[in-house]
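target01.csv follows (CSV, C-alpha atoms):
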```
chain,number,residue,atom,x,y,z
A,15,MET,CA,144.5,70.7,140.6
A,16,GLU,CA,142.6,68.6,138.1
A,17,THR,CA,140.8,65.3,138.9
A,18,GLU,CA,139.4,62.6,136.7
A,19,GLY,CA,136.1,63.6,135.0
A,20,TRP,CA,136.9,67.4,135.1
A,21,PRO,CA,140.2,67.8,133.1
A,22,ALA,CA,138.6,69.9,130.3
A,23,LEU,CA,136.6,72.3,132.4
A,24,GLN,CA,139.0,75.3,132.1
A,25,PRO,CA,139.8,74.8,128.4
A,26,LEU,CA,136.1,74.5,127.6
A,27,LEU,CA,135.3,77.7,129.5
A,28,CYS,CA,138.1,79.5,127.7
A,29,LEU,CA,136.8,78.2,124.3
A,30,ALA,CA,133.3,79.3,125.2
A,31,TRP,CA,134.4,82.8,126.1
A,32,ILE,CA,136.5,83.0,122.9
A,33,ALA,CA,133.4,81.9,120.9
A,34,ALA,CA,131.3,84.6,122.6
A,35,THR,CA,133.9,87.4,122.3
A,36,LEU,CA,135.3,86.9,118.7
A,37,PRO,CA,132.1,88.0,116.9
A,38,ILE,CA,132.0,91.2,118.9
A,39,ILE,CA,135.6,92.0,118.1
A,40,VAL,CA,135.2,91.1,114.4
A,41,ALA,CA,132.1,93.3,114.2
A,42,ALA,CA,134.1,96.2,115.7
A,43,LEU,CA,136.8,96.0,113.1
A,44,PRO,CA,136.7,98.3,110.0
A,45,ILE,CA,135.8,95.4,107.7
A,46,PRO,CA,134.6,96.7,104.2
A,47,ALA,CA,130.9,96.3,103.5
A,48,ALA,CA,131.8,94.3,100.4
A,49,ALA,CA,133.5,91.7,102.6
A,50,GLY,CA,130.4,91.4,104.8
A,51,GLY,CA,131.4,93.8,107.6
A,52,HIS,CA,128.2,95.9,107.4
A,53,LEU,CA,126.1,92.7,107.5
A,54,LEU,CA,128.0,91.3,110.5
A,55,ARG,CA,127.6,94.6,112.4
A,56,ARG,CA,123.9,94.7,111.7
A,57,LEU,CA,123.4,91.1,112.8
A,58,LEU,CA,125.3,91.6,116.0
A,59,SER,CA,123.5,94.8,116.7
A,60,ALA,CA,120.2,93.1,116.3
A,61,PHE,CA,121.2,90.2,118.5
A,62,SER,CA,122.4,92.4,121.3
A,63,SER,CA,119.7,95.0,121.1
A,64,ARG,CA,117.3,95.4,124.0
A,65,GLY,CA,114.9,97.9,125.5
A,66,LYS,CA,114.8,101.2,123.7
A,67,THR,CA,117.3,100.0,121.0
A,68,VAL,CA,115.0,97.2,119.8
A,69,ARG,CA,111.6,98.8,120.1
A,70,PRO,CA,110.0,99.3,116.7
A,71,SER,CA,109.3,102.9,115.9
A,72,PRO,CA,105.7,104.2,115.7
A,73,ALA,CA,106.1,104.8,112.0
A,74,SER,CA,107.0,101.1,111.3
A,75,SER,CA,104.4,99.1,109.4
A,76,SER,CA,102.6,96.4,111.3
A,77,GLY,CA,104.4,93.8,109.2
A,78,SER,CA,107.7,95.2,110.0
A,79,SER,CA,106.9,95.5,113.7
A,80,SER,CA,105.7,91.9,113.7
A,81,SER,CA,108.9,90.8,112.0
A,82,LYS,CA,111.1,92.6,114.6
A,83,ALA,CA,109.2,91.1,117.5
A,84,LYS,CA,109.2,87.6,116.1
A,85,PHE,CA,112.5,86.6,117.7
A,86,THR,CA,112.3,88.7,120.8
A,87,VAL,CA,111.2,88.2,124.4
A,88,PRO,CA,110.0,90.8,126.9
A,89,GLN,CA,112.9,92.8,128.5
A,90,LYS,CA,111.5,91.9,132.0
A,91,TYR,CA,112.9,88.5,131.3
A,92,PHE,CA,116.2,90.1,132.5
A,93,MET,CA,115.1,88.7,135.9
A,94,HIS,CA,115.8,85.2,134.6
A,95,PHE,CA,119.5,86.0,134.2
A,96,TYR,CA,119.8,86.9,137.9
A,97,VAL,CA,117.7,84.0,139.1
A,98,VAL,CA,120.0,81.6,137.2
A,99,GLY,CA,123.1,83.6,138.4
A,100,VAL,CA,122.0,83.4,142.1
A,101,LEU,CA,121.3,79.6,141.8
A,102,ALA,CA,124.6,78.9,140.0
A,103,THR,CA,126.7,81.1,142.3
A,104,THR,CA,125.0,79.9,145.5
A,105,ILE,CA,125.5,76.2,144.7
A,106,LEU,CA,129.2,76.8,143.8
A,107,LEU,CA,129.8,79.0,146.9
A,108,LEU,CA,128.3,76.5,149.3
A,109,ALA,CA,130.1,73.6,147.8
A,110,ILE,CA,133.5,75.2,147.7
A,111,TRP,CA,133.1,76.9,151.1
A,112,PHE,CA,132.2,73.6,152.7
A,113,TYR,CA,135.2,71.9,151.0
A,114,ALA,CA,137.5,74.7,152.1
A,115,TYR,CA,136.2,74.5,155.7
A,116,MET,CA,136.6,70.7,155.9
A,117,LYS,CA,139.9,70.3,154.0
A,118,MET,CA,141.6,73.6,153.8
A,119,THR,CA,141.8,74.7,157.5
A,120,PRO,CA,143.6,75.8,159.5
A,121,LEU,CA,144.9,78.6,157.2
A,122,LEU,CA,148.2,79.6,158.7
A,123,PRO,CA,150.6,82.3,157.6
A,124,GLU,CA,153.0,81.1,154.9
A,125,SER,CA,156.5,80.0,155.9
A,126,SER,CA,158.5,82.9,157.2
A,127,SER,CA,162.0,83.8,156.1
A,128,TYR,CA,163.3,82.4,159.4
A,129,SER,CA,161.9,78.9,158.7
A,130,THR,CA,163.4,79.0,155.2
A,131,ILE,CA,166.8,79.9,156.5
A,132,ALA,CA,166.5,77.1,159.1
A,133,SER,CA,165.6,74.6,156.4
A,134,HIS,CA,168.8,75.5,154.6
A,135,LEU,CA,170.8,75.0,157.7
A,136,VAL,CA,169.4,71.6,158.7
A,137,GLY,CA,169.6,70.0,155.2
A,138,SER,CA,168.1,69.5,151.8
A,139,ASN,CA,165.4,67.1,153.0
A,140,SER,CA,163.9,69.6,155.4
A,141,PHE,CA,164.1,72.2,152.7
A,142,SER,CA,162.2,70.0,150.3
A,143,PHE,CA,159.6,69.4,153.0
A,144,GLY,CA,159.4,73.2,153.5
A,145,ARG,CA,158.7,73.7,149.8
A,146,VAL,CA,156.0,71.1,149.8
A,147,ARG,CA,154.4,72.6,152.9
A,148,SER,CA,154.6,76.1,151.3
A,149,ARG,CA,152.9,74.8,148.1
A,150,THR,CA,150.2,73.1,150.2
A,151,MET,CA,149.6,76.3,152.1
A,152,GLY,CA,149.6,78.3,148.9
A,153,HIS,CA,146.9,75.9,147.5
A,154,LYS,CA,144.8,76.5,150.7
A,155,TYR,CA,145.0,80.2,150.1
A,156,HIS,CA,143.9,79.7,146.5
A,157,VAL,CA,140.8,77.8,147.6
A,158,TRP,CA,139.8,80.4,150.2
A,159,ARG,CA,140.4,83.2,147.6
A,160,THR,CA,137.9,81.4,145.4
A,161,VAL,CA,135.4,81.5,148.2
A,162,PHE,CA,136.1,85.2,148.7
A,163,VAL,CA,135.5,85.9,145.0
A,164,LEU,CA,132.3,83.8,144.9
A,165,LEU,CA,131.0,85.9,147.8
A,166,LEU,CA,131.6,89.0,145.7
A,167,MET,CA,129.7,87.4,142.8
A,168,GLU,CA,126.9,86.4,145.1
A,169,ILE,CA,126.5,90.0,146.3
A,170,GLN,CA,126.5,91.2,142.7
A,171,VAL,CA,123.8,88.8,141.4
A,172,LEU,CA,121.6,89.2,144.5
A,173,ARG,CA,121.7,93.0,144.2
A,174,ARG,CA,120.9,92.8,140.5
A,175,LEU,CA,118.0,90.5,141.2
A,176,TYR,CA,116.6,93.0,143.7
A,177,GLU,CA,117.1,95.9,141.3
A,178,THR,CA,115.4,94.1,138.5
A,179,GLU,CA,112.3,93.7,140.6
A,180,HIS,CA,112.2,96.9,142.6
A,181,VAL,CA,114.3,99.6,140.8
A,182,PHE,CA,113.7,99.1,137.1
A,183,HIS,CA,110.3,99.6,135.5
A,184,TYR,CA,110.4,97.9,132.1
A,185,SER,CA,107.9,99.2,129.5
A,186,PRO,CA,105.4,96.6,128.3
A,187,SER,CA,106.7,97.1,124.8
A,188,ALA,CA,110.4,96.8,125.8
A,189,ARG,CA,111.9,93.7,124.1
A,190,MET,CA,115.3,91.9,123.7
A,191,HIS,CA,116.4,89.5,121.0
A,192,ILE,CA,116.2,85.8,121.8
A,193,VAL,CA,120.0,85.5,121.0
A,194,GLY,CA,120.7,88.1,123.6
A,195,TYR,CA,118.5,86.4,126.1
A,196,LEU,CA,120.2,83.0,125.6
A,197,THR,CA,123.6,84.8,125.8
A,198,GLY,CA,122.6,86.2,129.2
A,199,LEU,CA,121.6,82.8,130.5
A,200,PHE,CA,124.9,81.4,129.3
A,201,TYR,CA,126.8,84.3,130.9
A,202,TYR,CA,125.3,83.8,134.4
A,203,VAL,CA,126.2,80.1,134.4
A,204,ALA,CA,129.6,80.5,132.9
A,205,ALA,CA,130.7,83.5,135.0
A,206,PRO,CA,130.6,81.8,138.4
A,207,LEU,CA,132.0,78.6,136.8
A,208,SER,CA,135.0,80.6,135.5
A,209,LEU,CA,135.6,82.2,138.9
A,210,ALA,CA,135.6,78.8,140.6
A,211,SER,CA,137.0,76.7,137.8
A,212,SER,CA,140.3,75.7,139.4
A,213,CYS,CA,138.6,74.5,142.6
A,214,ILE,CA,135.5,72.8,141.2
A,215,PRO,CA,137.1,69.4,140.3
A,216,GLU,CA,138.6,68.8,143.7
A,217,ALA,CA,135.5,70.1,145.6
A,218,ALA,CA,133.3,67.9,143.4
A,219,GLU,CA,135.5,64.9,144.1
A,220,TYR,CA,135.4,65.5,147.8
A,221,LEU,CA,131.6,66.0,147.9
A,222,GLN,CA,131.1,62.8,145.7
A,223,GLY,CA,133.2,60.9,148.2
A,224,GLN,CA,131.1,62.2,151.1
A,225,VAL,CA,127.9,61.2,149.4
A,226,ALA,CA,129.3,57.8,148.6
A,227,GLU,CA,130.4,57.3,152.2
A,228,PHE,CA,127.0,58.4,153.4
A,229,ILE,CA,125.3,55.8,151.1
A,230,VAL,CA,127.6,53.0,152.3
A,231,LYS,CA,127.7,53.7,156.0
A,232,GLY,CA,124.3,55.3,156.5
A,233,ARG,CA,123.4,58.3,158.7
A,234,ALA,CA,123.9,56.4,162.0
A,235,ARG,CA,127.5,55.5,161.3
A,236,MET,CA,128.6,58.9,159.9
A,237,PRO,CA,130.4,61.3,162.3
A,238,ASP,CA,128.4,64.3,163.4
A,239,LEU,CA,129.0,67.5,161.4
A,240,VAL,CA,130.0,70.3,163.7
A,241,ILE,CA,130.6,73.7,162.0
A,242,ASP,CA,132.5,76.4,163.9
A,243,SER,CA,131.3,79.8,162.6
A,244,SER,CA,134.6,81.4,163.4
A,245,SER,CA,136.5,78.8,161.3
A,246,LEU,CA,134.1,79.7,158.4
A,247,LEU,CA,135.1,83.3,158.4
A,248,GLN,CA,138.6,83.6,159.9
A,249,PRO,CA,140.4,82.2,156.8
A,250,LEU,CA,138.8,85.0,154.7
A,251,LEU,CA,140.3,87.6,157.0
A,252,LYS,CA,143.8,86.1,156.6
A,253,LEU,CA,143.8,86.6,152.8
A,254,GLY,CA,146.3,88.9,151.1
A,255,TRP,CA,146.1,92.6,150.4
A,256,THR,CA,145.2,92.0,146.7
A,257,GLN,CA,141.8,90.5,147.8
A,258,TRP,CA,141.0,93.5,149.9
A,259,ILE,CA,142.1,95.9,147.1
A,260,GLY,CA,139.8,93.9,144.8
A,261,ALA,CA,137.0,94.2,147.3
A,262,VAL,CA,137.4,98.0,147.5
A,263,ILE,CA,137.3,98.3,143.7
A,264,PHE,CA,134.2,96.0,143.7
A,265,ILE,CA,132.4,98.2,146.3
A,266,TRP,CA,133.3,101.4,144.5
A,267,GLY,CA,131.9,100.1,141.2
A,268,SER,CA,128.8,98.7,143.0
A,269,LEU,CA,128.0,102.0,144.7
A,270,HIS,CA,128.2,103.9,141.3
A,271,GLN,CA,126.1,101.2,139.6
A,272,ILE,CA,123.5,101.5,142.4
A,273,ARG,CA,123.3,105.3,141.8
A,274,CYS,CA,123.1,105.0,138.0
A,275,HIS,CA,120.5,102.3,138.2
A,276,ALA,CA,118.4,104.5,140.5
A,277,ILE,CA,118.7,107.3,138.0
A,278,LEU,CA,117.6,105.1,135.1
A,279,GLY,CA,114.8,103.6,137.2
A,280,THR,CA,113.3,107.1,137.8
A,281,LEU,CA,113.5,108.4,134.2
A,282,ARG,CA,109.9,107.4,133.5
A,283,GLU,CA,107.3,108.8,135.9
A,284,HIS,CA,104.7,106.4,134.6
A,285,LYS,CA,105.6,102.7,134.4
A,286,ASP,CA,103.6,102.1,131.3
A,287,SER,CA,105.1,105.1,129.4
A,288,ASP,CA,107.5,104.7,126.5
A,289,GLU,CA,108.9,108.3,126.8
A,290,TYR,CA,112.5,108.7,127.6
A,291,VAL,CA,114.5,111.7,128.9
A,292,ILE,CA,118.2,112.4,129.0
A,293,PRO,CA,119.7,110.9,132.1
A,294,CYS,CA,121.9,113.1,134.2
A,295,GLY,CA,123.9,112.8,137.4
A,296,ASP,CA,126.7,110.7,138.8
A,297,TRP,CA,128.8,109.2,135.9
A,298,PHE,CA,126.1,110.1,133.4
A,299,ASN,CA,127.7,113.5,133.2
A,300,ARG,CA,130.7,111.8,131.6
A,301,VAL,CA,129.4,108.8,129.6
A,302,SER,CA,126.1,107.6,128.2
A,303,CYS,CA,126.3,104.2,129.9
A,304,PRO,CA,127.9,104.6,133.3
A,305,HIS,CA,126.1,101.5,134.6
A,306,TYR,CA,128.1,99.6,132.1
A,307,LEU,CA,131.3,101.4,133.1
A,308,ALA,CA,130.5,100.5,136.8
A,309,GLU,CA,130.1,96.9,135.7
A,310,LEU,CA,133.6,96.9,134.2
A,311,VAL,CA,134.9,98.3,137.5
A,312,ILE,CA,133.0,95.6,139.4
A,313,TYR,CA,134.4,92.7,137.4
A,314,PHE,CA,137.9,94.3,137.4
A,315,GLY,CA,137.6,94.2,141.2
A,316,MET,CA,136.7,90.5,141.0
A,317,LEU,CA,139.7,89.9,138.7
A,318,VAL,CA,142.1,91.6,141.2
A,319,ALA,CA,140.5,89.7,144.2
A,320,SER,CA,141.0,86.4,142.4
A,321,GLY,CA,144.7,87.0,142.1
A,322,GLY,CA,144.6,86.6,138.3
A,323,GLU,CA,145.9,83.0,138.4
A,324,ASP,CA,143.1,81.4,136.5
A,325,ILE,CA,142.9,81.9,132.7
A,326,PRO,CA,139.1,81.6,132.4
A,327,VAL,CA,138.7,84.7,134.7
A,328,TRP,CA,140.7,86.7,132.2
A,329,PHE,CA,138.6,85.5,129.3
A,330,LEU,CA,135.5,86.4,131.3
A,331,PHE,CA,136.8,89.9,131.9
A,332,VAL,CA,137.6,90.4,128.2
A,333,PHE,CA,134.1,89.3,127.3
A,334,VAL,CA,132.6,91.8,129.8
A,335,ILE,CA,134.7,94.6,128.2
A,336,THR,CA,133.9,93.8,124.6
A,337,ASN,CA,130.2,93.0,125.2
A,338,LEU,CA,129.4,96.1,127.3
A,339,SER,CA,131.5,98.4,125.1
A,340,PHE,CA,129.6,97.2,122.0
A,341,ALA,CA,126.2,97.6,123.7
A,342,ALA,CA,127.3,101.1,125.1
A,343,VAL,CA,128.2,102.3,121.6
A,344,GLU,CA,124.9,101.2,120.2
A,345,THR,CA,123.1,103.0,123.1
A,346,HIS,CA,125.2,106.1,122.6
A,347,LYS,CA,124.2,106.2,118.9
A,348,TRP,CA,120.5,105.8,119.9
A,349,TYR,CA,120.8,108.8,122.3
A,350,LEU,CA,122.4,111.0,119.7
A,351,GLN,CA,119.6,110.1,117.2
A,352,LYS,CA,116.8,110.4,119.7
A,353,PHE,CA,117.7,113.8,121.3
A,354,GLU,CA,118.9,116.8,119.3
A,355,ASP,CA,120.2,118.4,122.5
A,356,TYR,CA,122.1,115.4,123.7
A,357,PRO,CA,125.5,116.4,125.2
A,358,ARG,CA,128.1,115.8,122.6
A,359,SER,CA,130.8,115.8,125.2
A,360,ARG,CA,129.7,112.5,126.6
A,361,TYR,CA,131.5,109.3,125.6
A,362,ALA,CA,129.8,105.9,125.2
A,363,ILE,CA,131.3,104.0,128.2
A,364,ILE,CA,134.9,105.0,129.0
A,365,PRO,CA,135.9,108.7,129.3
A,366,PHE,CA,138.4,109.9,126.7
A,367,VAL,CA,138.4,106.4,125.1
A,368,CYS,CA,135.1,105.5,123.6
```

Whole structure given in structure tokens:
Amino acid sequence: METEGWPALQPLLCLAWIAATLPIIVAALPIPAAAGGHLLRRLLSAFSSRGKTVRPSPASSSGSSSSKAKFTVPQKYFMHFYVVGVLATTILLLAIWFYAYMKMTPLLPESSSYSTIASHLVGSNSFSFGRVRSRTMGHKYHVWRTVFVLLLMEIQVLRRLYETEHVFHYSPSARMHIVGYLTGLFYYVAAPLSLASSCIPEAAEYLQGQVAEFIVKGRARMPDLVIDSSSLLQPLLKLGWTQWIGAVIFIWGSLHQIRCHAILGTLREHKDSDEYVIPCGDWFNRVSCPHYLAELVIYFGMLVASGGEDIPVWFLFVFVITNLSFAAVETHKWYLQKFEDYPRSRYAIIPFVC
């Protein structure tokens, strides 16, 4: 449902995800070096590099090291991604949850087969009314599904913010390219926007109307706002089985990512050390970047929970797959070059695929 002032939100998000995804796909294609394929892959690799894959080697000259660090920022700036993600997701979650509570309750079961048969018996007008009522109820379910998915996103960004501060110990020399940094900031704004894109216009219009009414009437003439906590939560419990399957997938991926991040966080005994060891345990026994694999599972869970009705969510998921797969392949290559005894049976990110 689109409103004036917001008609281009979903197309803009789709175009943004396409613009972010296409260079990664093109760089992964077997384009001949003469046609610029090698240069494109090197540029994308440089832009996406971070941590151990961007740190200059000890043998590098001071001029080379300075050049490599010129367009980089400390890897500890990863925290900025999750601060931005928490702010964006929280604002959208509170706005749409409030809108759903005020305008999309009560959330009743959709029309039963009995009511549909009855509508046929009593006439076409009643049947038309039943179809409109069904569409209205379907829209209510869609808004509450958006609240549900934003709750999952909120859990994700809050956990990542906590892990960045308390689990990971970034080396002082760990850097990431400024392009990768800006891409991360873009991602954690665009991701929650994409998850909520179909509801943002109507929620924004409703909130603008409430603010305008408050300005005109004043606080004394506005009705008291009474929030029933049960009405805030009960509609979420009435959602369909796809939302709960998506939540289970999300939790499964989150648990594995927590374990893998804990393993990565303990690889260096001394926080200021640049020494790396081969990670083992959990999905590390199968792939080099199981934390990326877990991220794919997490966002697949969100896609399932969303119902897959909004195109920007699909483009978001495609970007997650391409971006993390490219980063995983680069990390896998680094491991193979760094450690002579690195397990050759490991894949980069997806077992038996890549």

For A:Glu309, which residue out of A:Met167, A:Ala226, A:Leu278, A:Gln351 is the nearest one, using all atoms listed in the file?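 The answer is A:Met167, which sits nearest to A:Glu309.
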
Which polymer residues have any atom within 9 Å of an atom of A:Phe314, counting all atoms listed in the file, with same-chain residues fewer than 3 positions away left out, as a list in words?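 Everything that qualifies: Gly260, Ile263, Phe264, Glu309, Leu310, Val311, Leu317, Val318, Ala319 and Phe331 of chain A.
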
Pick out the residues sitting within 9 Å of stretch 301-305 of chain A, and hand them over as a tab-separated table (two decimals) with C-alpha atoms, in the coordinates of the input; count only C-alpha atoms, and ignore anything fewer than 6 positions along from it in its own chain.
```
chain	number	residue	atom	x	y	z
A	267	GLY	CA	131.90	100.10	141.20
A	270	HIS	CA	128.20	103.90	141.30
A	271	GLN	CA	126.10	101.20	139.60
A	272	ILE	CA	123.50	101.50	142.40
A	273	ARG	CA	123.30	105.30	141.80
A	274	CYS	CA	123.10	105.00	138.00
A	275	HIS	CA	120.50	102.30	138.20
A	293	PRO	CA	119.70	110.90	132.10
A	342	ALA	CA	127.30	101.10	125.10
A	343	VAL	CA	128.20	102.30	121.60
A	345	THR	CA	123.10	103.00	123.10
A	346	HIS	CA	125.20	106.10	122.60
A	349	TYR	CA	120.80	108.80	122.30
A	359	SER	CA	130.80	115.80	125.20
A	360	ARG	CA	129.70	112.50	126.60
A	361	TYR	CA	131.50	109.30	125.60
A	362	ALA	CA	129.80	105.90	125.20
A	363	ILE	CA	131.30	104.00	128.20
A	364	ILE	CA	134.90	105.00	129.00
A	365	PRO	CA	135.90	108.70	129.30
A	368	CYS	CA	135.10	105.50	123.60
```

Excluding A:Tyr201 and residues on its chain fewer than 2 positions from it, collect all residues at most 12 Å away from it, counting only C-alpha atoms, and give them as a PyMOL selection string. chain A and resi 27+30-31+34-35+94-96+98-99+102-103+171+194-199+203-208+329-331+333-334+337

How many Å lie between atom CA of A:Leu269 and atom CA of A:Trp297, rounded to one decimal? 11.4 Å

Applying 6 Å and only C-alpha atoms, which residues near A:Ala41 remain after dropping the ones on its own chain fewer than 2 positions away? List them as a list in words.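 Once the nearby chain positions are removed, what remains is Pro37, Ile38, Ile39, Leu43, Leu54 and Arg55 of chain A.
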
So how far away is atom CA of A:Leu175 from atom CA of A:Ile325, in Å? 27.7 Å

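Candidate residues A:Leu165, A:Leu251, A:Ile312, A:Val193 were compared for distance to A:Thr104, and the nearest is A:Leu165, using all atoms listed in the file.
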
Distance criterion (only C-alpha atoms): nearest to A:Tyr176 out of A:Ala188, A:Val291, A:Met151, A:Val100: A:Val100

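Take the candidates A:Asp355, A:Phe112, A:Pro186, A:Val181 and check each one against A:Gln224 using only C-alpha atoms; the shortest distance goes to A:Phe112.
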
Point-to-point distance in Å for atom CA of A:Ile214 and atom CA of A:Leu106: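 Atom CA of A:Ile214 lies 7.9 Å from atom CA of A:Leu106.
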
Stretch 316-326 of chain A, all listed atoms, 8 Å padding on each side: what axis-aligned box centre and edge lengths in Å to one decimal come out, as lines of an AutoDock Vina configuration file?
```
center_x = 141.3
center_y = 86.5
center_z = 138.3
size_x = 25.2
size_y = 26.2
size_z = 27.8
```
